[in-house]
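Have a look at the structure below, then the notes.
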Amino acid sequence: MTKLFLTLHVLAAILAVGPVTVAAGMFPRALRRAQAEPQDPAARSVLRTLHRICRVYAALGVAVPVLGFVTAGSLGVLGSGWLIASIALTTGAAALLVVLVLPGQDAALDEVEAAADRPGASIPGQGAARRLTMLTGLFNLLWATVTVLMIIRPGSTTGA
């Protein structure tokens, strides 16, 4: 059963966190394009699509820590330091995504949509795109750190 849980945990991480990581990373550049050309329907469509990917896969990403806890329980490593650190980092990454990245994307998208409804209206500078770039980079760094901890984990018996 442990191998099944571990397989599902890894697949969930790849299939749920991967798309959020990529789409959130692409969002600031798409935002800059949409801010430069708010009347361009293709630019707004790309922005909406990237935001939708982030929202949907963030919701699906809940399976990653759930399956992680089940896997850790079956392996008997729930009290291990590397796992506790991973849980803290995962919690931080999830909070960053839910509290700052997704609402930031939503607000930026609303600004672009509002500007599209008012021809000739100006959109505030690149502050939102810069902020989202920084937050997304931090989110990605947290997930990369968790991934490294999961692979290298101290005390591993896999010999890897």
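Residue numbers start at 1 in each chain; chains themselves are named A, B, ... in the order of the structure tokens; ligands are numbered from 1 in the order shown.
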Contacts of stretch 55-99 of chain A with stretch 105-122 of chain A up to 12 Å, shortest pair per row, only C-alpha atoms, as JSON lines:
{"residue": "A:Arg55", "atom": "CA", "partner": "A:Asp106", "partner_atom": "CA", "distance": 9.9}
{"residue": "A:Leu97", "atom": "CA", "partner": "A:Gln105", "partner_atom": "CA", "distance": 10.2}
{"residue": "A:Val98", "atom": "CA", "partner": "A:Gln105", "partner_atom": "CA", "distance": 10.6}
{"residue": "A:Val99", "atom": "CA", "partner": "A:Gln105", "partner_atom": "CA", "distance": 10.8}
- Skip stretch 142-155 of chain A itself and residues of its chain fewer than 4 positions away, then list as a list in words all residues within 7 Å of it, counting only C-alpha atoms. Trp82, Ser86, Leu89, Thr90, Ala93 and Leu138 of chain A
Can you write just those residues out, all heavy atoms, as an mmCIF file, in the first residue's frame?
data_model
loop_
_atom_site.group_PDB
_atom_site.id
_atom_site.type_symbol
_atom_site.label_atom_id
_atom_site.label_comp_id
_atom_site.auth_asym_id
_atom_site.auth_seq_id
_atom_site.Cartn_x
_atom_site.Cartn_y
_atom_site.Cartn_z
ATOM 1 N N TRP A 82 12.884 16.293 8.559
ATOM 2 C CA TRP A 82 12.777 16.685 7.152
ATOM 3 C C TRP A 82 11.319 16.770 6.723
ATOM 4 O O TRP A 82 10.948 17.626 5.917
ATOM 5 C CB TRP A 82 13.560 15.740 6.237
ATOM 6 C CG TRP A 82 13.085 14.321 6.261
ATOM 7 C CD1 TRP A 82 13.515 13.324 7.073
ATOM 8 C CD2 TRP A 82 12.054 13.749 5.443
ATOM 9 N NE1 TRP A 82 12.827 12.164 6.819
ATOM 10 C CE2 TRP A 82 11.922 12.391 5.823
ATOM 11 C CE3 TRP A 82 11.236 14.235 4.437
ATOM 12 C CZ2 TRP A 82 11.012 11.522 5.228
ATOM 13 C CZ3 TRP A 82 10.327 13.373 3.838
ATOM 14 C CH2 TRP A 82 10.220 12.037 4.238
ATOM 15 N N SER A 86 9.269 20.024 5.555
ATOM 16 C CA SER A 86 8.512 19.994 4.298
ATOM 17 C C SER A 86 7.069 20.441 4.498
ATOM 18 O O SER A 86 6.508 21.157 3.666
ATOM 19 C CB SER A 86 8.525 18.584 3.702
ATOM 20 O OG SER A 86 9.822 18.236 3.308
ATOM 21 N N LEU A 89 7.103 24.219 4.913
ATOM 22 C CA LEU A 89 7.334 24.882 3.622
ATOM 23 C C LEU A 89 6.116 24.756 2.704
ATOM 24 O O LEU A 89 5.760 25.702 1.996
ATOM 25 C CB LEU A 89 8.577 24.309 2.944
ATOM 26 C CG LEU A 89 9.904 24.609 3.639
ATOM 27 C CD1 LEU A 89 11.025 23.780 3.030
ATOM 28 C CD2 LEU A 89 10.227 26.098 3.564
ATOM 29 N N THR A 90 5.482 23.590 2.707
ATOM 30 C CA THR A 90 4.282 23.386 1.899
ATOM 31 C C THR A 90 3.158 24.294 2.366
ATOM 32 O O THR A 90 2.449 24.893 1.552
ATOM 33 C CB THR A 90 3.850 21.909 1.955
ATOM 34 O OG1 THR A 90 4.890 21.103 1.405
ATOM 35 C CG2 THR A 90 2.563 21.673 1.182
ATOM 36 N N ALA A 93 3.963 27.737 1.156
ATOM 37 C CA ALA A 93 3.719 27.864 -0.283
ATOM 38 C C ALA A 93 2.219 27.957 -0.574
ATOM 39 O O ALA A 93 1.784 28.780 -1.384
ATOM 40 C CB ALA A 93 4.331 26.681 -1.034
ATOM 41 N N LEU A 138 8.975 33.145 -5.271
ATOM 42 C CA LEU A 138 9.065 32.625 -3.903
ATOM 43 C C LEU A 138 8.261 31.327 -3.765
ATOM 44 O O LEU A 138 8.729 30.353 -3.162
ATOM 45 C CB LEU A 138 8.570 33.676 -2.917
ATOM 46 C CG LEU A 138 8.676 33.334 -1.434
ATOM 47 C CD1 LEU A 138 10.096 32.956 -1.045
ATOM 48 C CD2 LEU A 138 8.188 34.511 -0.601
#
- Which residues, written as an MDAnalysis selection string, have at least one atom at most 10 Å from A:Leu8, with only C-alpha atoms counted and residues fewer than 3 positions away on the same chain left out? chainID A and resid 2:5 11:14 63:64 67:68 71
Same residues, N, CA, C and O atoms, saved as a PDB file, in the first residue's frame:
ATOM      1  N   THR A   2       2.003   1.202   0.689  1.00  0.00           N
ATOM      2  CA  THR A   2       2.884   2.367   0.773  1.00  0.00           C
ATOM      3  C   THR A   2       3.329   2.813  -0.615  1.00  0.00           C
ATOM      4  O   THR A   2       3.349   4.011  -0.907  1.00  0.00           O
ATOM      5  N   LYS A   3       3.674   1.856  -1.471  1.00  0.00           N
ATOM      6  CA  LYS A   3       4.116   2.203  -2.823  1.00  0.00           C
ATOM      7  C   LYS A   3       2.990   2.871  -3.612  1.00  0.00           C
ATOM      8  O   LYS A   3       3.230   3.804  -4.377  1.00  0.00           O
ATOM      9  N   LEU A   4       1.777   2.412  -3.412  1.00  0.00           N
ATOM     10  CA  LEU A   4       0.631   3.030  -4.078  1.00  0.00           C
ATOM     11  C   LEU A   4       0.447   4.472  -3.592  1.00  0.00           C
ATOM     12  O   LEU A   4       0.278   5.388  -4.403  1.00  0.00           O
ATOM     13  N   PHE A   5       0.493   4.668  -2.264  1.00  0.00           N
ATOM     14  CA  PHE A   5       0.342   6.020  -1.714  1.00  0.00           C
ATOM     15  C   PHE A   5       1.446   6.944  -2.206  1.00  0.00           C
ATOM     16  O   PHE A   5       1.195   8.092  -2.572  1.00  0.00           O
ATOM     17  N   LEU A  11       2.502  11.600  -8.258  1.00  0.00           N
ATOM     18  CA  LEU A  11       1.692  11.970  -9.426  1.00  0.00           C
ATOM     19  C   LEU A  11       0.862  13.220  -9.151  1.00  0.00           C
ATOM     20  O   LEU A  11       0.762  14.111 -10.013  1.00  0.00           O
ATOM     21  N   ALA A  12       0.271  13.304  -7.973  1.00  0.00           N
ATOM     22  CA  ALA A  12      -0.512  14.492  -7.622  1.00  0.00           C
ATOM     23  C   ALA A  12       0.371  15.730  -7.611  1.00  0.00           C
ATOM     24  O   ALA A  12      -0.030  16.798  -8.091  1.00  0.00           O
ATOM     25  N   ALA A  13       1.576  15.601  -7.083  1.00  0.00           N
ATOM     26  CA  ALA A  13       2.492  16.739  -7.057  1.00  0.00           C
ATOM     27  C   ALA A  13       2.844  17.194  -8.472  1.00  0.00           C
ATOM     28  O   ALA A  13       2.816  18.391  -8.772  1.00  0.00           O
ATOM     29  N   ILE A  14       3.137  16.255  -9.321  1.00  0.00           N
ATOM     30  CA  ILE A  14       3.504  16.599 -10.702  1.00  0.00           C
ATOM     31  C   ILE A  14       2.314  17.192 -11.454  1.00  0.00           C
ATOM     32  O   ILE A  14       2.430  18.230 -12.112  1.00  0.00           O
ATOM     33  N   ALA A  63      -4.722  17.606  -2.861  1.00  0.00           N
ATOM     34  CA  ALA A  63      -4.449  16.163  -2.806  1.00  0.00           C
ATOM     35  C   ALA A  63      -2.991  15.869  -2.463  1.00  0.00           C
ATOM     36  O   ALA A  63      -2.696  14.823  -1.874  1.00  0.00           O
ATOM     37  N   VAL A  64      -2.091  16.777  -2.795  1.00  0.00           N
ATOM     38  CA  VAL A  64      -0.659  16.520  -2.568  1.00  0.00           C
ATOM     39  C   VAL A  64      -0.348  16.355  -1.079  1.00  0.00           C
ATOM     40  O   VAL A  64       0.204  15.323  -0.685  1.00  0.00           O
ATOM     41  N   LEU A  67      -2.231  13.190   0.411  1.00  0.00           N
ATOM     42  CA  LEU A  67      -1.554  11.935   0.069  1.00  0.00           C
ATOM     43  C   LEU A  67      -0.179  11.857   0.725  1.00  0.00           C
ATOM     44  O   LEU A  67       0.300  10.766   1.048  1.00  0.00           O
ATOM     45  N   GLY A  68       0.448  13.004   0.928  1.00  0.00           N
ATOM     46  CA  GLY A  68       1.731  13.030   1.614  1.00  0.00           C
ATOM     47  C   GLY A  68       1.614  12.551   3.050  1.00  0.00           C
ATOM     48  O   GLY A  68       2.457  11.781   3.534  1.00  0.00           O
ATOM     49  N   THR A  71       1.044   8.822   3.005  1.00  0.00           N
ATOM     50  CA  THR A  71       2.298   8.142   2.688  1.00  0.00           C
ATOM     51  C   THR A  71       3.244   8.162   3.883  1.00  0.00           C
ATOM     52  O   THR A  71       3.833   7.132   4.242  1.00  0.00           O
TER      53      THR A  71
END
- Just how far from atom CA of A:Ala129 is atom CA of A:Arg32, in Å to one decimal?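 Those two atoms sit 6.5 Å apart.
Counting only C-alpha atoms, the residue from A:Leu96, A:Asp40, A:Leu78, A:Leu102 that sits nearest to A:Ala23 is A:Leu102.
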- Message: DSSP on the backbone: which residues in stretch 4-120 of chain A end up as alpha helix (DSSP H)? Give the answer as number ranges by chain.
- Response: A: 4-12, 18-36, 41-60, 63-75, 81-95, 102-117
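With only C-alpha atoms as the basis for measurement, A:Pro65 is the residue among A:Pro65, A:Gly79, A:Gly104, A:Gly127 that approaches A:Val17 most closely.
Taking atom CA of A:Ala128 and atom CA of A:Pro28 as endpoints, the distance between them is 8.0 Å.
Distance-wise, atom CA of A:Gly18 and atom CA of A:Ala88 end up 19.3 Å apart.
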